2 protein chains.
Amino acid sequence: MNFSVWSPFAQKIDLVLDSVSLPMRRTERGWWQVEAPGTLAGSRYQFRVDDKGPYPDPRSAWQPDGLHAASVVYDHSSFPWRDGAFVPRPLSDAVIYELHVGTFTPEGNYAAAANRLDHLKNLGITHVELMPISTFPGQRGWGYDGAALFAPHAAYGTPDDLKSFIQRAHSIGLAVLLDVVYNHLGPDGNYLGAFGPYFTSKVKTPWGDAINFDGEHCDAVCEFFLDNALMWLGNYHFDGLRLDAVHAIFDHSAVHILEALASRVGELSTGNSRPYVLIAESDFNSPRLVHSVTRGGFGLDAHWEDDFHHALHAFLTGETDGFHSDFGSLAQIAKALRQAYVFDGQFSDHRKRMHGRPPTHVDPSQVVVFAQNHDQTGNRALGERMSHLLEPPILKATAALVLLSPFVPMLFQGEEWGADTPFLFFTEHGDELGRLVTEGRQREFAGFHRKAKELSDPQAPETFQRSKLNWSELDDPAHQDIFDWHRNLIHLRRAIPHGTPVAVEYDELDRWLTLRRGSLIAVFNFCDGGQAIPLPPGEWHPSVPANSVFPGHSTSILTGIV
Amino acid sequence: MNFSVWSPFAQKIDLVLDSVSLPMRRTERGWWQVEAPGTLAGSRYQFRVDDKGPYPDPRSAWQPDGLHAASVVYDHSSFPWRDGAFVPRPLSDAVIYELHVGTFTPEGNYAAAANRLDHLKNLGITHVELMPISTFPGQRGWGYDGAALFAPHAAYGTPDDLKSFIQRAHSIGLAVLLDVVYNHLGPDGNYLGAFGPYFTSKVKTPWGDAINFDGEHCDAVCEFFLDNALMWLGNYHFDGLRLDAVHAIFDHSAVHILEALASRVGELSTGNSRPYVLIAESDFNSPRLVHSVTRGGFGLDAHWEDDFHHALHAFLTGETDGFHSDFGSLAQIAKALRQAYVFDGQFSDHRKRMHGRPPTHVDPSQVVVFAQNHDQTGNRALGERMSHLLEPPILKATAALVLLSPFVPMLFQGEEWGADTPFLFFTEHGDELGRLVTEGRQREFAGFHRKAKELSDPQAPETFQRSKLNWSELDDPAHQDIFDWHRNLIHLRRAIPHGTPVAVEYDELDRWLTLRRGSLIAVFNFCDGGQAIPLPPGEWHPSVPANSVFPGHSTSILTGIV
């Protein structure tokens, strides 16, 4: 077996393989390699850099004993794939479901999650999106502090378990997306700096030095992340990636790393005849991410649009703190339903600057929208879901606004039945870092949140336990009713051909809004009492689920012949 | 008269006008104003911010006593403009001449420079480009340390003197461009920070904190620079701007400041029916700068391309230090002649990374090329021009490569006669900063330059004096011969219609290159002796200036019937 590692400034690198030390040979552009014939899968190895370390392999495929331990040789070619016939639905036809492997089931692993895939299929989901699974510190965590980016987190199962999960999803027609973090590495267990200039002090991100995507020696750094993407797609058969916070990725070179990524994934897509998708979490409100390269864009497939969430959340909950201060009107919900971007050049009081540009030449299938996600839930002091904040009728309105919008809807685990469990921020850092995380959380929510004393300690095991979904809630008729509502809406959504125009009417004072998609109209009455709400010409009849039309705080779904 | 200033965090601002203090009133978005009826042009004023200062106006139009003194009221409407009929030549037809007002003439001011405009007209220049003239520290300097960006440097003359210079240029058909620095302010006399968040510590440039083009309160910062551009164009009748080092301008918002600038200047252009141009100095090797907004670009008119210079310089001088290490072959000169960008995605040893992308959809009129400029001369230890480094025949070849290229050629003051005077780095900073500049220069060139002991002190007055052009050199037949060569080449260039294809042939071993533009061919023999050089089919005859054909180290210009 051939071992290789990039370390452009090292004078000497040794491979420590099952306690035997082998000097590596410098090849070109900072790469080192050594041949170790007969190495078996399961062998443990590390690298010693200029007699320092040993450190795990930056590209380790498997870290069963955590970030600080030896890397383990894993053979990607041995898994018996049988998903060759699977074809994912296009994004124009997609309903995404974001899940966190550790809390989606009581067991918190791939095998248990696989047993719940039928539930998602039944709901009408087309794409399952896993929160980050690259090895992160401790056993439990959201995953955004990953530091061994090529190795799936051992607490969730083995690499083969992950492949089995994906194969199971494919076997019932579900695509699987993976959330990857290419804007920073976690502060604990990150040994990249020992190998080379992966970071630059020229730009500061919220997490410290930015990744070196455009400075000296950046080519190998770019390849590290490009190869990581190709590894998840090619070796694990993920159907696409969700790119965390691309606004914290800084690359001023002529070819932006995201453009290079889209290009490289496009080549793999062609080679493997699989339509991989790349979806960016973006705070830019700019179509450049999804514009084609010909149009000067990066050529990604879609991007998240938080404005849609903010517009819904602020109006429906009445909350006006933080970023919600920019939102709160029905007019903004109407704008969000028409073009997703609410800010397309206006001054934002929260940002204290003008924000965004119009989403010209952006197809609705290129924008992912949601009423909840891990951040909007878990970054609240008490991890409250919309189901904790809203009465069921308004919760149903929320679902209809998301699921009947022209954009790609995404649900967050448990949203489909209005789960009672919170989704909290949880970590398992070592003593020192753990104390900082706990204190930081207390500081963040001190003073301005009236329930701050109930604040959970991210480090406490029960914070993780409390965040796990309670599947027995589905036996409760009230939760089942919410689930049926979501399933029905997804069913209705399927009947709307992609490209069907969106017509939105609303009255800010009378608090109603109508969302029409062809022969279907959703009528939202946010008033306390019933009121007459004007409909377009034609005959309109209550659709599934049948309910009384236009009473207070109601959502009526009508179908019509026009 | 209405005085206004932006200072979003101030609690109190006072206008100090001719020693009378007037409290200002907070209006909206951080602006303050006060009416001072009857204020006459020439009145002196400053602002006191929260009882600190007083400081000069960030937008002062006139700082006759330097950066640290009071601002002076100046009335832009009083100048008797008579240039309404002037129409600048388009960039496709342009030959630019870069000049530094302080050293272009012995007197070093606008009035003296105006008296040399006929020389430039006679040479065939269409656009004069002034190195930065915003008020900078001391009397002498290159101008890139400007700190009062709206006030022309007093050592060169009054605002009206500058307008008279531009009017004089326009009267003989010459356009005037201005070099503006929007990537940093000079370290001395920069009071912007006392008024508001003009800078951000999130990004570091070679000059310190970057300008805040995309953070909180950035809108007013952007307006400051946009208004500066519009001021030079609208009030001073400059025909365009050269934007210094745009690769050090960082803006991650949806509308980049350069796109906003192009848009705003475009509106002024339409309003005034004058075709203003924006030319970026760029290290990106990316066409995004000049692509239209529809194509995802910023919509600038042109950008400088250093690769063209480097290819010529490295091959012709044989120098291979610093950035020249990436260059040195005839093949690169050929590529530079064909598409200006030599690096369009290749690995650069000097940059230690891949660099650039192909210049797709870039018209040759969108790229400015040169064999010399202020940087390439003045940033050398001894300020040597190409005329100090090359024998006259090779100097002539250099001129032909630039002036017969399909791109927009630019000459640096004195280049047209192969001036003997150097162009050195000179400054007049205060004691402490001046010492640092002197020492920094010594350190920069210590050790690796064999003539380091001859290094000029940037602070010494004679360094500035030695950099002034010596116009009496034009009486010397050898210099006059170089001048005639340049004038003839520009004349020949005029006869080549824009869009005429470029055909380049070369032989790396035999050291010849031919550059054909329609019925004209330039044959460059870089060998010691004469040699047969293949010409395209047709009849080719020596053109002006007649010379022997294909001897060693020669440039033969032939015209043909084909």
# chains A, B, ... in the order shown; residues from 1 in each chain; ligands from 1

$ interface_residues --of "chain B" --to "chain A" --cutoff "7 Å" --atoms "only C-alpha atoms" --output "count of residues only"
23

$ select_by_dssp --residues "stretch 245-416 of chain B" --states "alpha helix (DSSP H)" --output "PyMOL selection string"
chain B and resi 257-272+306-317+330-339+374-378+386-389+392-403

$ atom_distance --atom1 "atom CA of B:Pro132" --atom2 "atom CA of B:Val362"
27.2 Å

$ select_by_dssp --residues "stretch 19-137 of chain A" --states "strand (DSSP E or B)" --output "number ranges by chain"
A: 20-23, 25-26, 31-35, 44-49, 52-55, 71-72, 96-99, 127-130, 134-135

$ atom_distance --atom1 "atom CA of A:Asp363" --atom2 "atom CA of A:Ile496"
15.6 Å

$ residues_around --residues "A:Asn488" --least-positions-apart "2" --cutoff "12 Å" --atoms "only C-alpha atoms" --output "ChimeraX atom specification"
/A:122-125,396,399-400,403-404,416,480-486,490-495,543-546,557

$ residues_around --residues "B:Arg441" --least-positions-apart "6" --cutoff "12 Å" --atoms "only C-alpha atoms" --output "PyMOL selection string"
chain B and resi 378-382+424-427+434-435+447+452-453+455-459

$ write_last_selection --atoms "N, CA, C and O atoms" --output "CSV table (one decimal), in the first residue's frame"
chain,number,residue,atom,x,y,z
B,378,GLY,N,10.3,52.6,-10.6
B,378,GLY,CA,10.6,53.2,-9.3
B,378,GLY,C,10.8,52.2,-8.2
B,378,GLY,O,11.4,52.5,-7.2
B,379,ASN,N,10.2,51.0,-8.4
B,379,ASN,CA,10.4,50.0,-7.3
B,379,ASN,C,11.7,49.2,-7.5
B,379,ASN,O,12.0,48.3,-6.7
B,380,ARG,N,12.5,49.6,-8.5
B,380,ARG,CA,13.8,49.0,-8.6
B,380,ARG,C,14.8,49.8,-7.7
B,380,ARG,O,14.5,51.0,-7.4
B,381,ALA,N,15.8,49.2,-7.2
B,381,ALA,CA,16.7,49.8,-6.2
B,381,ALA,C,17.2,51.1,-6.8
B,381,ALA,O,17.3,52.1,-6.1
B,382,LEU,N,17.5,51.2,-8.1
B,382,LEU,CA,18.1,52.4,-8.7
B,382,LEU,C,17.2,53.1,-9.6
B,382,LEU,O,17.6,54.0,-10.3
B,424,LEU,N,12.8,57.4,-9.2
B,424,LEU,CA,13.1,56.8,-7.9
B,424,LEU,C,11.9,56.8,-7.0
B,424,LEU,O,10.9,57.5,-7.3
B,425,PHE,N,12.0,56.1,-5.9
B,425,PHE,CA,11.0,56.2,-4.9
B,425,PHE,C,11.3,57.4,-4.0
B,425,PHE,O,12.4,57.4,-3.4
B,426,PHE,N,10.4,58.4,-3.9
B,426,PHE,CA,10.7,59.5,-3.1
B,426,PHE,C,9.5,59.9,-2.2
B,426,PHE,O,8.3,59.6,-2.6
B,427,THR,N,9.8,60.4,-1.0
B,427,THR,CA,8.7,60.7,0.0
B,427,THR,C,9.2,62.0,0.7
B,427,THR,O,10.3,62.4,0.7
B,434,GLY,N,9.4,59.0,8.3
B,434,GLY,CA,10.4,59.2,7.3
B,434,GLY,C,11.6,58.2,7.6
B,434,GLY,O,12.1,57.6,6.7
B,435,ARG,N,11.9,58.1,8.8
B,435,ARG,CA,13.1,57.2,9.2
B,435,ARG,C,12.7,55.8,8.9
B,435,ARG,O,13.5,55.0,8.3
B,447,GLY,N,21.6,43.4,0.5
B,447,GLY,CA,21.9,42.0,0.3
B,447,GLY,C,21.8,41.5,-1.1
B,447,GLY,O,22.8,41.0,-1.6
B,452,ALA,N,23.6,48.1,-4.0
B,452,ALA,CA,22.8,48.6,-2.9
B,452,ALA,C,23.4,49.9,-2.2
B,452,ALA,O,22.7,50.7,-1.7
B,453,LYS,N,24.7,50.0,-2.2
B,453,LYS,CA,25.3,51.1,-1.6
B,453,LYS,C,24.9,52.4,-2.3
B,453,LYS,O,25.1,53.5,-1.7
B,455,LEU,N,22.1,53.1,-3.2
B,455,LEU,CA,20.6,53.3,-3.0
B,455,LEU,C,20.3,54.7,-2.6
B,455,LEU,O,20.9,55.2,-1.7
B,456,SER,N,19.3,55.3,-3.2
B,456,SER,CA,18.9,56.6,-2.8
B,456,SER,C,18.0,56.6,-1.6
B,456,SER,O,17.2,55.6,-1.4
B,457,ASP,N,18.1,57.6,-0.8
B,457,ASP,CA,17.2,57.7,0.4
B,457,ASP,C,15.9,58.4,-0.1
B,457,ASP,O,15.9,59.5,-0.6
B,458,PRO,N,14.8,57.6,0.1
B,458,PRO,CA,13.5,58.2,-0.4
B,458,PRO,C,13.2,59.6,0.2
B,458,PRO,O,12.6,60.4,-0.5
B,459,GLN,N,13.7,59.8,1.4
B,459,GLN,CA,13.3,61.1,2.1
B,459,GLN,C,14.2,62.3,1.6
B,459,GLN,O,13.9,63.4,1.8

$ closest_residue --among "A:Leu230, A:Asn2, A:Ala245, A:Ser43" --to "A:Val20" --atoms "only C-alpha atoms"
A:Ser43

$ atom_distance --atom1 "atom CA of A:Leu289" --atom2 "atom CA of A:Asp227"
20.3 Å

$ residues_around --residues "A:Gly186" --least-positions-apart "3" --cutoff "7 Å" --atoms "only C-alpha atoms" --output "PyMOL selection string"
chain A and resi 145-147+190

$ write_last_selection --atoms "N, CA and C atoms" --output "PDB file, in the first residue's frame"
ATOM      1  N   ASP A 145     -17.827  21.058  14.252  1.00  0.00           N
ATOM      2  CA  ASP A 145     -16.459  21.183  14.740  1.00  0.00           C
ATOM      3  C   ASP A 145     -15.597  20.018  14.272  1.00  0.00           C
ATOM      4  N   GLY A 146     -15.934  19.441  13.151  1.00  0.00           N
ATOM      5  CA  GLY A 146     -15.173  18.322  12.622  1.00  0.00           C
ATOM      6  C   GLY A 146     -13.721  18.690  12.374  1.00  0.00           C
ATOM      7  N   ALA A 147     -12.830  17.713  12.553  1.00  0.00           N
ATOM      8  CA  ALA A 147     -11.405  17.980  12.340  1.00  0.00           C
ATOM      9  C   ALA A 147     -10.719  16.871  11.527  1.00  0.00           C
ATOM     10  N   ASN A 190      -7.480  19.409  15.502  1.00  0.00           N
ATOM     11  CA  ASN A 190      -7.117  19.864  14.161  1.00  0.00           C
ATOM     12  C   ASN A 190      -5.599  19.883  14.036  1.00  0.00           C
TER      13      ASN A 190
END

$ closest_residue --among "A:Gly499, A:Pro64, A:Gly299, A:Gly38" --to "A:Thr158" --atoms "only C-alpha atoms"
A:Pro64

$ closest_residue --among "A:Thr463, A:Ile394, A:Thr438, A:Leu474" --to "A:Ser556" --atoms "only C-alpha atoms"
A:Ile394

$ residues_around --residues "A:Asp51" --least-positions-apart "3" --cutoff "8 Å" --atoms "only C-alpha atoms" --output "JSON, numbers by chain"
{"A": [12, 13, 14, 48, 54]}

$ write_last_selection --atoms "N, CA and C atoms" --output "PDB file, in the first residue's frame"
ATOM      1  N   LYS A  12      11.529  16.280   7.038  1.00  0.00           N
ATOM      2  CA  LYS A  12      11.591  14.846   7.280  1.00  0.00           C
ATOM      3  C   LYS A  12      10.211  14.388   7.739  1.00  0.00           C
ATOM      4  N   ILE A  13       9.729  13.328   7.132  1.00  0.00           N
ATOM      5  CA  ILE A  13       8.452  12.771   7.575  1.00  0.00           C
ATOM      6  C   ILE A  13       8.621  11.262   7.715  1.00  0.00           C
ATOM      7  N   ASP A  14       8.104  10.730   8.803  1.00  0.00           N
ATOM      8  CA  ASP A  14       8.122   9.280   9.014  1.00  0.00           C
ATOM      9  C   ASP A  14       6.696   8.769   9.131  1.00  0.00           C
ATOM     10  N   ARG A  48       4.960  11.277  11.601  1.00  0.00           N
ATOM     11  CA  ARG A  48       5.826  12.099  12.431  1.00  0.00           C
ATOM     12  C   ARG A  48       6.443  13.152  11.511  1.00  0.00           C
ATOM     13  N   PRO A  54       3.662  11.663  16.903  1.00  0.00           N
ATOM     14  CA  PRO A  54       3.015  11.481  15.601  1.00  0.00           C
ATOM     15  C   PRO A  54       1.579  12.026  15.592  1.00  0.00           C
TER      16      PRO A  54
END

$ residues_around --residues "A:Tyr144" --least-positions-apart "3" --cutoff "12 Å" --atoms "only C-alpha atoms" --output "PyMOL selection string"
chain A and resi 100+130-137+140-141+147-149+153+179-188+207+243-245+374-375+425-427
